[in-house]
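Taking it in order: structure first as structure tokens, then the write-up.
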2 protein chains.
Amino acid sequence: MKISEIFTKTIKEAPADEQAKNAIVLIRAGYIHKEMAGVYTFLPFGLRVLDKICNIIREEMNAIGGQELKLTTLQDPEIWKATDRWDDEKVDVWFKTKLKNDSELGLGPTHEEPLIRAVKKYIKSYKDLPFLAYQIQTKFRNETRAKSGVMRGREFLMKDLYSFARTEAEHEELYERIKHAYGKVYERLGVGEQTFLTFASGGMFSEFSHEFQTVCDAGEDTIFLDRTKKIAVNEEVNNDEVLASLGLNRENLEEVKAAEVGNIFTLKDKFSKPLGLTFVDELDQEQNVLMGCYGIGPSRLMGVITELLSDDKGLVWPEAIAPYQLYLVRLGQEAEIVKAADSLYSELKDANIDVLYDDRDARAGEKFADADLLGIPWRAVISAKTVEQNSVELKARTSADMALIPVSELKNRLVKLR
Amino acid sequence: MKISEIFTKTIKEAPADEQAKNAIVLIRAGYIHKEMAGVYTFLPFGLRVLDKICNIIREEMNAIGGQELKLTTLQDPEIWKATDRWDDEKVDVWFKTKLKNDSELGLGPTHEEPLIRAVKKYIKSYKDLPFLAYQIQTKFRNETRAKSGVMRGREFLMKDLYSFARTEAEHEELYERIKHAYGKVYERLGVGEQTFLTFASGGMFSEFSHEFQTVCDAGEDTIFLDRTKKIAVNEEVNNDEVLASLGLNRENLEEVKAAEVGNIFTLKDKFSKPLGLTFVDELDQEQNVLMGCYGIGPSRLMGVITELLSDDKGLVWPEAIAPYQLYLVRLGQEAEIVKAADSLYSELKDANIDVLYDDRDARAGEKFADADLLGIPWRAVISAKTVEQNSVELKARTSADMALIPVSELKNRLVKLR
């Protein structure tokens with residue numbers, strides 16, 4: 001893409017109405033637009049990052065047999081009443097609306113109920129289980145406060161997967177498989193090292209529930225972390241009994257701020273029972289399906305990664321989710337320079353390298369500042385000096401070092417890096 | 001994908017609460033689930049088709065320079081009041097909701113207003129124009145009746161592109177480019193021959209507006225079609241004056257039912273003026289940006305294609321959007337047959353061929369009926385007979401002819417066909 005053709009632009013000033021670092025830098029770089037508190041438009045660069053995050057999640061969910069579908073935003077009160085989650089006193093984040101005939105509808109804050117109804121007609125026998133179904137869909141939650149940029153939205157993207165099992169053992173096996181897949185997602189997103197499996201209170205069905213927490217100053221949670229064992233406990237369960245049961249020693253724990261980037265729950269028959277999701281087992285007995293639910297918010301992750309990796313110059317994207325791999329800077333408007341830069345741009349595009357070409361008639365400082373603010377992993381400069389040597393000046397976003405390399409080598413380097 | 005692992009199943013009986021052919025066959029095949037009237041969940045097969053339709057549209061929009069973004073569902077009344085489209089008397093399809101503080105929000109039925117506000121901060125000079133921006137997003141329209149299955153939803157997917165131009169000539173050039181891209185979309189979706197550019201009344205800004213109409217018995221419109229000239233007029237403009245201006249002869253016109261599958265509008269400054277989207281031109285004059293809007297509904301198209309191409313056995317998908325290219329049927333449970341079918345399945349998957357493997361222990365008739373109902377373009381059978389000859393029996397969904405071909409040839413044939 002040529003910068004001269006993109007409608008967005010970088011902005012020097014921080015937006016007046018934002019407190020969250022992630023929103024400030026994403027708005028300054030032209031990745032998002034604030035529609036209202038907790039509600040953001042994803043502009044072309046932002047949508048590219050979001051789509052890349054979603055695709056990594058999708059690949060890992062597919063790899064463990066997840067079947068993707070897409071449930072609806074509009075929700076029928078009937079099924080939510082059956083599980084006692086329609087009443088605003090019980091679930092306090094509902095957005096509700098009405099049909100012309102005045103009957104009430106909700107906007108999906110989560111999707112256990114409608115998914116159960118959709119799959120129910122297909123599940124009769126033990127032969128129809130187990131399976132994993134998931135979606136990547138917009139959720140709506142009527143938060144009273146929404147101050148954390150894209151980390152906590154009123155409208156936000158969510159990947160929610162649900163497991164359906166016959167027995168507790170089968171559920172456990174699925175749960176472990178999904179937990180492992182979550183770990184792979186964070187690795188691939190470039191936050192694996194900072195992300196820890198965290199034990200939280202288990203609620204009704206198991207001793208613990210699990211969260212994935214990324215160590216991050218902007219996080220809303222406090223966790224107690226054993227870096228060596230790569231696990232943490234959250235505040236609720238930080239007591240001697242729990243630490244002993246997890247083999248943790250209080251002296252090795254570090255108290256840190258963290259952002260929840262995923263949660264996985266055993267639901268047992270909490271929803272399947274009231275909604276009648278049963279199957280007939282091998283002994284001809286009717287049983288409740290045992291469920292789990294597993295969430296990751298791609299837009300929230302984009303915010304957390306921004307908080308964690310960006311610096312005072314702007315965004316810093318991991319290679320896997322950067323909107324472009326290379327920021328190609330042309331310095332100078334002379335025919336020879338334009339020709340060299342245009343031809344390199346074409347060659348890289350033909351090689352399917354995501355390249356953002358700064359073809360503007362602007363100062364070097366402005367172009368370099370934009371390359372940094374946009375957070376593109378690599379920057380290559382074509383100037384009078386480099387043309388003379390048939391080379392480009394290559395620099396990583398995360399380093400101050402520059403290297404003069406032959407033009408012919410750039411493509412191969414980038415292909416290897418991605 | 002193995003059929004034994006997919007949670008959806010085909011259903012023999014037509015759903016009791018559906019009148020539309022498209023919904024009936026899509027539900028019977030397990031592609032969609034009806035959440036409520038006009039609101040459908042896309043199950044795994046259905047989502048695969050929908051995604052393929054979206055990707056074809058996306059490729060054609062990108063090819064003409066469209067920049068993809070994603071606006072929000074939740075809408076701020078303020079901008080809609082500025083264009084006088086907030087009042088239910090003016091726009092009668094609003095779904096509205098409220099924040100906790102009781103302030104009203106809407107659910108986007110279309111997105112001119114929020115897009116203009118999002119791009120406004122970037123458009124100052126003539127140098128910032130022209131550009132094309134689009135999104136593929138869920139729209140919400142509070143229709144009084146919703147009886148046409150996925151052809152007219154209360155919640156449905158829409159690709160809406162918007163053009164931003166400096167002059168009428170520039171707008172016309174963009175308009176023609178997009179019109180041409182729309183034609184390519186219908187060609188690639190397999191309905192090019194049945195889809196006609198249709199002249200409708202032009203409203204405020206031009207002599208005509210344009211619709212793309214697909215000839216289809218289930219369509220809600222009546223058009224008058226000149227098949228030779230490949231253009232049509234809709235009812236509103238079917239008068240002598242218009243026919244003369246388009247060079248059409250009433251005697252050559254055929255009256256047919258048709259479904260609108262796309263519309264393209266010149267908006268001129270209808271929205272940019274009240275919302276203050278202006279630019280400073282080469283002569284230092286402030287001008288209103290001239291806009292156009294261009295819609296295609298991927299979910300609606302899925303319904304129209306279903307209506308048009310399915311037969312009494314079920315769905316018939318064009319190769320480009322079928323959820324799978326091949327339905328691989330294993331007849332028999334003997335070790336030799338299982339081994340041959342499993343190994344062919346692996347080989348095809350490794351070659352990135354979308355193959356649906358019917359590995360169930362079921363009768364041939366049931367498997368063939370499901371292959372037809374699901375509408376997979378090709379069906380290959382592995383049986384005792386074919387294993388003996390190291391071959392497969394290949395049949396197209398649209399033909400009764402079967403051919404016995406060597407196993408080794410199947411992959412190459414499928415790669416060529418896709």
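Chain identifiers are assigned as A, B, and so on, following the order in which chains appear in the structure tokens; residues are numbered from 1 within each chain, and ligands are numbered from 1 in order of appearance.
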Go through chain A and flag each residue having an atom no more than 7 Å from chain B; for those, report the closest pair of atoms plus their distance in Å to one decimal, using only C-alpha atoms, ordered by chain and rising number, as a Markdown table.
| residue | atom | partner | partner_atom | distance |
| --- | --- | --- | --- | --- |
| A:Phe7 | CA | B:Tyr122 | CA | 6.5 |
| A:Thr8 | CA | B:Tyr122 | CA | 5.8 |
| A:Lys9 | CA | B:Tyr122 | CA | 6.2 |
| A:His33 | CA | B:Ala118 | CA | 6.2 |
| A:Val39 | CA | B:Thr72 | CA | 6.9 |
| A:Tyr40 | CA | B:Thr72 | CA | 6.6 |
| A:Thr41 | CA | B:Leu71 | CA | 4.6 |
| A:Phe42 | CA | B:Lys70 | CA | 5.1 |
| A:Leu43 | CA | B:Leu69 | CA | 4.7 |
| A:Pro44 | CA | B:Leu69 | CA | 4.7 |
| A:Leu47 | CA | B:Leu69 | CA | 5.9 |
| A:Gln67 | CA | B:Pro44 | CA | 6.2 |
| A:Glu68 | CA | B:Pro44 | CA | 5.4 |
| A:Leu69 | CA | B:Leu43 | CA | 4.7 |
| A:Lys70 | CA | B:Phe42 | CA | 5.0 |
| A:Leu71 | CA | B:Thr41 | CA | 4.6 |
| A:Thr72 | CA | B:Thr41 | CA | 5.6 |
| A:Phe95 | CA | B:Thr97 | CA | 6.4 |
| A:Lys96 | CA | B:Thr97 | CA | 5.8 |
| A:Thr97 | CA | B:Thr97 | CA | 5.1 |
| A:Lys98 | CA | B:Phe95 | CA | 6.8 |
| A:Leu99 | CA | B:Asn142 | CA | 6.3 |
| A:Lys100 | CA | B:Thr144 | CA | 6.2 |
| A:Ala118 | CA | B:His33 | CA | 6.2 |
| A:Tyr122 | CA | B:Thr8 | CA | 5.8 |
| A:Asp128 | CA | B:Phe7 | CA | 6.7 |
| A:Phe131 | CA | B:Phe7 | CA | 6.8 |
| A:Asn142 | CA | B:Leu99 | CA | 6.3 |
| A:Thr144 | CA | B:Lys100 | CA | 6.2 |
Hey, what's within 6 Å of stretch 406-412 of chain B if we count only C-alpha atoms and toss same-chain stuff fewer than 2 positions away? As JSON, numbers by chain, please? {"B": [391, 392, 414, 415]}
For the structure I just gave you, how does DSSP split stretch 181-417 of chain A - specifically, which residues are alpha helix (DSSP H)? Reply as a PyMOL selection string. chain A and resi 181-188+240-245+298-309+335-350+364-374+384-388+407-417
Pick out the residues sitting within 9 Å of stretch 189-199 of chain A, and hand them over as a PyMOL selection string; count only C-alpha atoms, and ignore anything fewer than 2 positions along from it in its own chain. chain A and resi 53+56+179+183-187+201-202+208-216+223-225+227+230-234+237+258+261+301+305+308+317-321
Do you know which residues are at most 10 Å from stretch 296-300 of chain A counting only C-alpha atoms, after dropping those on the same chain fewer than 2 positions away, and could you put them as a ChimeraX atom specification? /A:22,40,42,46-47,49-57,136-139,148-153,155-161,182,185,212,259-264,294,302-306
So how many Å separate atom CA of A:Gly108 and atom CA of A:Pro77, to one decimal?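 Atom CA of A:Pro77 lies at a distance of 10.5 Å from atom CA of A:Gly108.
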